[in-house]
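Colleague: Dropping in start32.cif, which is mmCIF, C-alpha atoms:
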```cif
data_final
loop_
_atom_site.label_atom_id
_atom_site.label_comp_id
_atom_site.auth_asym_id
_atom_site.auth_seq_id
_atom_site.Cartn_x
_atom_site.Cartn_y
_atom_site.Cartn_z
CA MET A 27 0.99 1.04 -4.19
CA LEU A 28 1.07 3.76 -6.82
CA LYS A 29 3.88 6.31 -6.67
CA ASN A 30 1.55 9.25 -5.90
CA GLU A 31 -0.26 7.26 -3.21
CA SER A 32 3.06 6.26 -1.62
CA ALA A 33 4.14 9.89 -1.46
CA GLN A 34 0.83 10.86 0.12
CA LEU A 35 1.10 8.10 2.70
CA GLN A 36 4.65 9.13 3.51
CA ARG A 37 3.47 12.67 4.18
CA ILE A 38 0.71 11.36 6.47
CA VAL A 39 3.21 9.27 8.43
CA ASP A 40 5.63 12.18 8.68
CA GLU A 41 2.84 14.34 10.05
CA ARG A 42 1.80 11.55 12.46
CA ASP A 43 -1.82 11.80 11.31
CA LEU A 44 -3.43 8.49 12.23
CA ASP A 45 -6.93 9.64 11.30
CA ALA A 46 -5.80 10.46 7.78
CA LEU A 47 -4.15 7.07 7.45
CA ASP A 48 -7.25 5.28 8.74
CA ALA A 49 -9.18 6.77 5.82
CA PHE A 50 -7.14 4.57 3.45
CA LEU A 51 -8.05 1.32 5.19
CA PHE A 52 -10.73 -0.89 3.70
CA PRO A 53 -10.70 -4.62 4.52
CA ARG A 54 -10.72 -6.73 1.38
CA LYS A 55 -11.12 -10.46 0.97
CA ARG A 56 -7.80 -12.09 0.14
CA MET A 57 -6.92 -15.30 -1.61
CA ARG A 58 -4.76 -16.88 1.09
CA ASN A 59 -1.36 -18.20 0.12
CA THR A 60 -1.10 -21.54 1.91
CA ARG A 61 2.31 -22.57 0.56
CA GLN A 62 4.64 -24.19 3.07
CA ASP A 63 7.60 -24.57 0.71
CA PHE A 64 8.95 -21.04 1.19
CA HIS A 65 12.73 -20.70 1.53
CA ALA A 66 13.58 -17.05 2.17
CA PRO A 67 11.20 -15.15 4.49
CA LEU A 68 12.37 -11.57 3.96
CA MET A 69 11.85 -9.08 6.80
CA LEU A 70 10.43 -5.68 5.87
CA SER A 71 9.81 -2.95 8.45
CA ALA A 72 6.14 -2.17 7.97
CA HIS A 73 6.61 1.57 8.51
CA ASN A 74 8.83 1.80 5.40
CA ILE A 75 6.42 2.73 2.62
CA LYS A 76 9.10 2.53 -0.07
CA HIS A 77 9.83 -1.09 0.83
CA LEU A 78 6.16 -2.04 1.05
CA SER A 79 5.51 -0.68 -2.43
CA LYS A 80 8.15 -3.07 -3.85
CA ILE A 81 6.66 -6.30 -2.50
CA PRO A 82 5.42 -7.56 -5.90
CA GLN A 83 8.89 -7.13 -7.44
CA LEU A 84 10.98 -8.64 -4.64
CA GLN A 85 12.73 -11.90 -5.55
CA THR A 86 11.58 -14.02 -2.65
CA ASP A 87 8.76 -16.40 -1.80
CA CYS A 88 7.77 -15.03 1.62
CA ILE A 89 7.51 -11.55 3.14
CA ILE A 90 7.53 -10.80 6.88
CA LEU A 91 5.85 -7.45 7.59
CA ASN A 92 7.57 -6.48 10.82
CA LEU A 93 5.82 -4.51 13.57
CA GLU A 94 8.20 -5.51 16.36
CA ASP A 95 11.98 -4.94 16.60
CA GLY A 96 13.26 -2.19 14.35
CA VAL A 97 10.04 -0.16 14.53
CA SER A 98 10.15 2.63 17.11
CA PRO A 99 7.26 2.84 19.61
CA GLU A 100 5.97 6.08 18.10
CA LEU A 101 5.82 4.52 14.62
CA LYS A 102 4.21 1.21 15.59
CA PRO A 103 0.60 2.49 15.13
CA PHE A 104 1.51 3.65 11.63
CA ALA A 105 3.35 0.42 10.82
CA LEU A 106 0.27 -1.57 11.83
CA ARG A 107 -1.99 0.41 9.54
CA LEU A 108 0.47 0.33 6.67
CA ALA A 109 0.73 -3.46 7.03
CA ALA A 110 -3.06 -3.68 6.84
CA LEU A 111 -3.05 -1.39 3.80
CA ALA A 112 -0.38 -3.51 2.08
CA LEU A 113 -2.53 -6.61 2.64
CA SER A 114 -5.59 -4.91 1.16
CA LYS A 115 -3.51 -3.93 -1.89
CA LEU A 116 -2.46 -7.57 -2.38
CA PRO A 117 -5.70 -9.58 -2.60
CA GLU A 118 -3.67 -12.30 -4.28
CA CYS A 119 0.11 -12.71 -4.07
CA ASP A 120 2.59 -15.39 -5.12
CA LYS A 121 4.55 -14.63 -1.95
CA LYS A 122 3.37 -15.77 1.47
CA ILE A 123 2.61 -12.62 3.51
CA VAL A 124 3.26 -12.96 7.25
CA VAL A 125 2.84 -10.17 9.80
CA ARG A 126 5.18 -10.25 12.79
CA VAL A 127 3.27 -8.57 15.62
CA ASN A 128 4.60 -7.45 18.98
CA ALA A 129 4.49 -9.72 22.02
CA LEU A 130 0.88 -10.41 22.98
CA ASP A 131 1.07 -8.41 26.21
CA GLU A 132 3.00 -5.58 24.55
CA GLY A 133 0.44 -4.57 21.93
CA GLY A 134 0.29 -7.78 19.94
CA GLU A 135 -3.22 -8.73 21.03
CA GLU A 136 -4.59 -5.37 19.87
CA GLU A 137 -2.64 -5.59 16.60
CA ILE A 138 -4.08 -9.01 15.84
CA ALA A 139 -7.62 -7.73 16.43
CA ILE A 140 -7.08 -5.15 13.66
CA LEU A 141 -5.18 -7.45 11.30
CA ASN A 142 -7.83 -10.20 11.38
CA ALA A 143 -10.06 -8.15 9.09
CA PHE A 144 -7.26 -7.92 6.49
CA MET A 145 -6.49 -11.66 6.40
CA PRO A 146 -2.69 -12.06 6.35
CA ASP A 147 -1.53 -15.51 5.30
CA ALA A 148 0.00 -15.94 8.76
CA VAL A 149 0.65 -14.02 11.97
CA ARG A 150 4.01 -14.50 13.65
CA ILE A 151 4.01 -14.32 17.45
CA PRO A 152 7.24 -13.36 19.26
CA LYS A 153 8.39 -14.10 22.82
CA VAL A 154 6.43 -17.34 23.13
CA ARG A 155 7.30 -19.16 26.36
CA THR A 156 4.75 -21.92 26.95
CA ALA A 157 2.06 -23.99 25.29
CA ALA A 158 -0.46 -21.66 26.93
CA ASP A 159 1.00 -18.78 24.90
CA ALA A 160 0.54 -20.80 21.72
CA GLU A 161 -3.05 -21.62 22.63
CA ARG A 162 -3.74 -17.95 23.37
CA ALA A 163 -2.37 -16.96 19.97
CA LEU A 164 -4.64 -19.50 18.28
CA ARG A 165 -7.67 -18.00 20.02
CA LEU A 166 -6.72 -14.47 18.97
CA VAL A 167 -5.79 -15.08 15.33
CA ALA A 168 -8.84 -15.56 13.12
CA ASP A 169 -9.26 -19.00 11.59
CA PRO A 170 -8.07 -19.96 8.93
CA VAL A 171 -5.05 -17.62 9.21
CA GLU A 172 -1.93 -19.59 10.10
CA VAL A 173 0.03 -18.97 13.28
CA HIS A 174 3.84 -18.86 13.25
CA LEU A 175 5.83 -18.83 16.49
CA SER A 176 9.21 -17.28 17.27
CA VAL A 177 11.26 -19.58 19.51
CA GLU A 178 13.58 -17.12 21.25
CA THR A 179 13.08 -17.49 25.00
CA LYS A 180 14.76 -19.86 27.44
CA GLU A 181 11.35 -21.17 28.55
CA ALA A 182 10.30 -21.99 24.99
CA TRP A 183 13.32 -24.20 24.38
CA PRO A 184 12.47 -27.05 26.81
CA ALA A 185 8.77 -26.57 25.91
CA LEU A 186 9.40 -26.85 22.17
CA ALA A 187 7.68 -30.22 21.74
CA SER A 188 4.47 -28.82 23.32
CA LEU A 189 4.20 -25.66 21.23
CA ARG A 190 1.92 -27.07 18.55
CA PRO A 191 -1.47 -27.68 20.15
CA ASP A 192 -3.19 -27.19 16.77
CA PRO A 193 -2.31 -27.82 13.09
CA ARG A 194 -2.89 -24.12 12.36
CA ILE A 195 0.59 -23.55 13.85
CA THR A 196 2.69 -24.23 10.76
CA ALA A 197 6.13 -22.66 11.32
CA PHE A 198 8.71 -22.03 14.04
CA TYR A 199 11.38 -19.34 13.67
CA LEU A 200 14.61 -19.69 15.62
CA GLY A 201 15.47 -16.39 17.33
CA LEU A 202 19.07 -17.22 18.13
CA LEU A 203 20.36 -13.86 19.41
CA ASP A 204 17.53 -13.46 21.93
CA LEU A 205 17.80 -17.12 22.93
CA PHE A 206 21.53 -16.83 23.59
CA ALA A 207 21.00 -13.63 25.59
CA GLU A 208 18.34 -15.29 27.79
CA MET A 209 20.53 -18.34 28.33
CA GLY A 210 23.55 -16.23 29.23
CA LEU A 211 25.57 -17.54 26.27
CA ASP A 212 28.16 -15.41 24.52
CA GLN A 213 27.01 -14.45 21.03
CA ALA A 214 30.60 -14.95 19.89
CA LEU A 215 29.74 -18.67 19.98
CA ILE A 216 27.45 -18.20 16.98
CA THR A 217 29.76 -19.58 14.31
CA PRO A 218 29.18 -22.41 11.82
CA GLU A 219 31.86 -24.51 13.54
CA ASN A 220 30.63 -24.21 17.13
CA PRO A 221 29.35 -27.58 18.48
CA THR A 222 26.78 -26.01 20.82
CA LEU A 223 25.34 -24.04 17.94
CA ARG A 224 25.15 -27.12 15.75
CA TYR A 225 23.43 -29.03 18.55
CA LEU A 226 20.81 -26.28 18.91
CA LEU A 227 20.19 -26.20 15.16
CA ALA A 228 19.84 -29.98 15.02
CA GLN A 229 17.43 -30.15 17.98
CA PHE A 230 15.32 -27.29 16.65
CA LEU A 231 15.14 -28.92 13.21
CA THR A 232 14.32 -32.45 14.33
CA THR A 233 11.77 -31.43 16.98
CA SER A 234 9.99 -29.11 14.55
CA ARG A 235 9.90 -31.75 11.82
CA ALA A 236 8.60 -34.37 14.24
CA LEU A 237 5.74 -32.01 15.13
CA GLY A 238 4.94 -31.36 11.46
CA VAL A 239 6.06 -27.73 11.73
CA LYS A 240 8.34 -25.92 9.28
CA PRO A 241 11.61 -24.87 10.99
CA VAL A 242 13.03 -21.54 9.83
CA SER A 243 16.66 -20.94 10.76
CA PHE A 244 17.86 -17.75 12.41
CA VAL A 245 18.51 -14.36 10.82
CA TYR A 246 22.18 -13.58 10.21
CA GLN A 247 22.38 -9.90 11.12
CA ASP A 248 25.61 -8.91 9.32
CA PHE A 249 24.08 -8.57 5.86
CA SER A 250 27.37 -7.19 4.49
CA ASP A 251 29.25 -10.41 5.37
CA PHE A 252 27.99 -12.46 2.46
CA GLU A 253 30.67 -15.13 2.65
CA THR A 254 29.67 -16.19 6.19
CA PHE A 255 26.00 -16.05 5.22
CA ARG A 256 26.66 -18.51 2.39
CA ARG A 257 28.51 -20.81 4.83
CA TRP A 258 25.47 -20.78 7.11
CA LEU A 259 23.17 -21.61 4.20
CA GLN A 260 25.34 -24.51 3.10
CA LEU A 261 25.54 -25.93 6.63
CA GLU A 262 21.80 -25.56 7.19
CA LYS A 263 20.99 -27.21 3.88
CA GLU A 264 23.28 -30.13 4.75
CA MET A 265 21.49 -30.46 8.09
CA GLY A 266 18.06 -30.60 6.43
CA TYR A 267 16.80 -27.01 6.64
CA ASP A 268 15.04 -25.47 3.66
CA ALA A 269 14.36 -21.95 4.98
CA LYS A 270 16.31 -19.13 6.63
CA GLY A 271 15.19 -15.71 7.81
CA CYS A 272 16.56 -12.87 5.67
CA ILE A 273 16.97 -9.14 6.17
CA SER A 274 18.09 -8.04 2.69
CA PRO A 275 17.07 -8.87 -0.88
CA ALA A 276 20.60 -10.20 -1.51
CA GLN A 277 20.27 -12.64 1.39
CA ALA A 278 16.85 -13.73 0.12
CA ASP A 279 18.24 -14.31 -3.37
CA ALA A 280 21.03 -16.51 -1.99
CA ALA A 281 18.63 -18.51 0.20
CA MET A 282 16.27 -19.06 -2.72
CA ARG A 283 19.09 -20.38 -4.90
CA ILE A 284 20.65 -22.65 -2.28
CA PHE A 285 17.50 -24.09 -0.72
CA ALA A 286 15.39 -24.56 -3.84
CA ALA A 287 15.41 -28.19 -5.00
CA ASP A 288 17.47 -28.52 -8.19
CA ALA A 289 16.23 -30.18 -11.34
CA ALA A 290 18.52 -33.22 -11.03
CA ALA A 291 17.25 -34.05 -7.53
CA LEU A 292 13.65 -33.77 -8.66
CA GLN A 293 14.30 -35.98 -11.70
CA ARG A 294 15.91 -38.61 -9.46
CA ALA A 295 12.92 -38.49 -7.09
CA GLU A 296 10.48 -38.87 -10.01
CA GLU A 297 12.32 -41.94 -11.30
CA ILE A 298 12.40 -43.55 -7.83
CA VAL A 299 8.66 -42.94 -7.35
CA ARG A 300 7.82 -44.36 -10.77
CA ALA A 301 10.02 -47.44 -10.23
CA PHE A 302 8.66 -48.16 -6.75
CA GLU A 303 4.99 -47.72 -7.72
CA SER A 304 5.49 -49.95 -10.76
CA ALA A 305 7.14 -52.67 -8.64
CA ARG A 306 4.52 -52.35 -5.91
CA ARG A 307 1.78 -53.18 -8.40
CA ASP A 308 3.54 -56.52 -8.79
CA GLY A 309 3.71 -57.00 -5.04
CA ILE A 310 7.40 -56.00 -4.74
CA THR A 311 8.31 -53.33 -2.18
CA GLY A 312 12.07 -53.79 -2.02
CA PHE A 313 14.42 -54.11 -4.99
CA VAL A 314 17.76 -52.96 -6.43
CA HIS A 315 17.57 -50.21 -9.04
CA ASP A 316 20.29 -50.14 -11.70
CA ARG A 317 20.99 -46.43 -11.04
CA TYR A 318 19.86 -45.68 -7.48
CA GLY A 319 20.66 -48.87 -5.60
CA PHE A 320 18.26 -50.43 -3.11
CA ILE A 321 14.79 -48.88 -3.08
CA ASP A 322 12.18 -49.71 -0.44
CA GLU A 323 9.21 -47.89 1.07
CA PRO A 324 11.23 -45.42 3.23
CA VAL A 325 13.30 -44.43 0.16
CA TYR A 326 10.08 -44.08 -1.84
CA LYS A 327 8.49 -41.89 0.85
CA GLY A 328 11.57 -39.66 0.94
CA ALA A 329 11.43 -39.18 -2.83
CA LEU A 330 7.70 -38.52 -2.69
CA GLY A 331 8.23 -35.91 0.04
CA LEU A 332 10.83 -34.11 -2.09
CA LEU A 333 8.45 -34.02 -5.06
CA ASN A 334 5.63 -32.66 -2.91
CA LYS A 335 7.91 -29.95 -1.55
CA GLY A 336 9.55 -29.12 -4.87
#
```
Show the structure stored in the file as structure tokens.

Modeller:
Amino acid sequence: MLKNESAQLQRIVDERDLDALDAFLFPRKRMRNTRQDFHAPLMLSAHNIKHLSKIPQLQTDCIILNLEDGVSPELKPFALRLAALALSKLPECDKKIVVRVNALDEGGEEEIAILNAFMPDAVRIPKVRTAADAERALRLVADPVEVHLSVETKEAWPALASLRPDPRITAFYLGLLDLFAEMGLDQALITPENPTLRYLLAQFLTTSRALGVKPVSFVYQDFSDFETFRRWLQLEKEMGYDAKGCISPAQADAAMRIFAADAAALQRAEEIVRAFESARRDGITGFVHDRYGFIDEPVYKGALGLLNKG
């Protein structure tokens, strides 16, 4: 958004003039960003015009335009329209643009009806509890827009394996603070060393992967505690995660650097794929490589998956 336009929009929001803001809205066909290899979904409150205007310059690969927590009830109608306006201003974007709506029965259904015309890359649905909620979201969100689900309720946890009734559901986000609150667990347990926490992270990761859904680890709220944030990133990477929710550009920068596949790993994967495919042409699907040890089809598939992701 241009500087003068941003100032004008800010004045309209300050004056709470919805009709004036509606005059800016014109649906525009977008080139959807279908990437699934994003690492650092960065949350932006959609009522903050200054932040929205910086989307093209932000050093991340995914933006979450937030209409839910952090946006006061009186500003939610303006945040919705500003999110739609931001989408219309970005007909093509190298970052995946996801809109996090409110719970379906708390305004989310109406928000989706408006957003469909502006074609976000994905719509993120909070407070999902059952497979029926996921199916309802799929009916509401216009095809081919992706549906992302927040797993943050005690009912959603045992239902996790049933929450993908359609391939259009492509990502799950772990809402750890809300989940702990609903389960009656002390949030002081949320430390990298806690065994319960590690169990939850492992189950969320493996169930999501088995379903073919991208698991996004939880947001670490203390954005000033960078040392602990780095510890979380390192643990999550070791567990197999490749994405974590972020609430500051500094967090997003760290997640991008830690989760992005490095050049050495990609080179190794390329060499394994070349060696296996060469041997397979000769009818050999298991052999010892002079640098990488025993290579068979599972090793080959792992290397191929890394190349596809990287």

Colleague: Have a look at A:Leu113, A:Val299, A:Ala33, A:Ala276 and name the one nearest to A:Leu332; count all atoms listed in the file.

Modeller: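 Smallest separation from A:Leu332 among the options: A:Val299.
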
Colleague: If we count all atoms listed in the file, what is near A:Thr86 at a cut-off of 9 Å, once residues fewer than 5 positions away on the same chain are taken out, given as a ChimeraX atom specification?

Modeller: /A:64-68,121,275,278-279,281-282

Colleague: Would you mind listing what lies within 12 Å of A:Asp169 as a ChimeraX atom specification, with all atoms listed in the file counted and same-chain residues fewer than 6 positions away left out?

Modeller: /A:58,142-143,145-149,163,192-195

Colleague: From the options A:Ile273, A:Leu166, A:Leu51, A:Ala158, which residue's atoms come nearest to A:Glu135, counting only C-alpha atoms?

Modeller: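 The closest residue to A:Glu135 is A:Leu166.
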
Colleague: List the residues selected by the PyMOL selection byres ((chain A and resi 56) around 7) in the file shown, writing them as a PyMOL selection string.

Modeller: chain A and resi 54-55+57-58+117-118+145

Colleague: Can you write just those residues out, C-alpha atoms, as a PDB file, in the coordinates of the input?

Modeller:
```pdb
ATOM      1  CA  ARG A  54     -10.720  -6.730   1.380  1.00  0.00           C
ATOM      2  CA  LYS A  55     -11.120 -10.460   0.970  1.00  0.00           C
ATOM      3  CA  MET A  57      -6.920 -15.300  -1.610  1.00  0.00           C
ATOM      4  CA  ARG A  58      -4.760 -16.880   1.090  1.00  0.00           C
ATOM      5  CA  PRO A 117      -5.700  -9.580  -2.600  1.00  0.00           C
ATOM      6  CA  GLU A 118      -3.670 -12.300  -4.280  1.00  0.00           C
ATOM      7  CA  MET A 145      -6.490 -11.660   6.400  1.00  0.00           C
TER       8      MET A 145
END
```

Colleague: Could you list the residues chosen by the PyMOL selection byres ((chain A and resi 269) around 10) in this structure as a ChimeraX atom specification?

Modeller: /A:63-67,199,240-244,259,262-263,266-268,270-272,278,281-282,284-286

Colleague: Would you work out the distance separating atom CA of A:Asp308 from atom CA of A:Gly328, expressed in Å to one decimal?

Modeller: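 Separation of atom CA of A:Asp308 and atom CA of A:Gly328: 21.1 Å.
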
Colleague: In Å to one decimal, how far is atom CA of A:Thr232 from atom CA of A:Ala197?

Modeller: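 Computing it gives 13.1 Å between the two atoms.
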
Colleague: Find the distance between atom CA of A:Lys153 and atom CA of A:Leu141 and write it in Å to one decimal.

Modeller: 19.0 Å

Colleague: Which of these residues is nearest to A:Ala185, using only C-alpha atoms: A:Gln34, A:Thr233, A:Ser98, A:Asn220?

Modeller: A:Thr233

Colleague: Would you mind listing what lies within 12 Å of stretch 319-325 of chain A as JSON, numbers by chain, with all atoms listed in the file counted and same-chain residues fewer than 6 positions away left out?

Modeller: {"A": [294, 295, 296, 297, 298, 299, 300, 301, 302, 303, 305, 306, 310, 311, 312, 313, 331, 332]}

Colleague: Once the PyMOL selection byres ((chain A and resi 201) around 10) has been evaluated on this model, what residues remain selected, and can you format them as a list of chain:residue names?

Modeller: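 Output of the PyMOL selection byres ((chain A and resi 201) around 10): A:Pro152, A:Lys153, A:Leu175, A:Ser176, A:Val177, A:Glu178, A:Thr179, A:Phe198, A:Tyr199, A:Leu200, A:Leu202, A:Leu203, A:Asp204, A:Leu205, A:Phe206, A:Val242, A:Ser243, A:Phe244, A:Val245, A:Gly271.
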
Colleague: Output, as AutoDock Vina command-line options, the centre and edge lengths in Å (one decimal) of the axis-aligned box that contains all listed atoms of stretch 45-61 of chain A with 6 Å of margin on each side.

Modeller:
```
--center_x -4.4 --center_y -6.1 --center_z 4.8 --size_x 25.4 --size_y 45.0 --size_z 24.9
```

Colleague: Rank A:Pro184, A:Pro82, A:Gly238, A:Pro191 by their smallest atom-to-atom distance to A:Ala157, using all atoms listed in the file, and report the top residue only.

Modeller: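 Of all the options, A:Pro191 lies closest to A:Ala157.
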
Colleague: Could you name the residues that touch A:Glu136 at 12 Å or less, counting only C-alpha atoms, but leaving out those on the same chain fewer than 3 positions away, as a ChimeraX atom specification?

Modeller: /A:102-103,106,127-133,139-142,163,166-167

Colleague: Could you list, as a list in words, every residue within 12 Å of A:Asp251, counting only C-alpha atoms and ignoring same-chain residues fewer than 6 positions away?

Modeller: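 The neighbour list is Arg257, Trp258, Ser274, Ala276 and Gln277 of chain A.
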
Colleague: Would you please work out which residue, of A:Gly134, A:Pro170, A:Pro218, A:Pro99, is nearest to A:Met265 when using all atoms listed in the file?

Modeller: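 Selected residue with least distance to A:Met265: A:Pro218.
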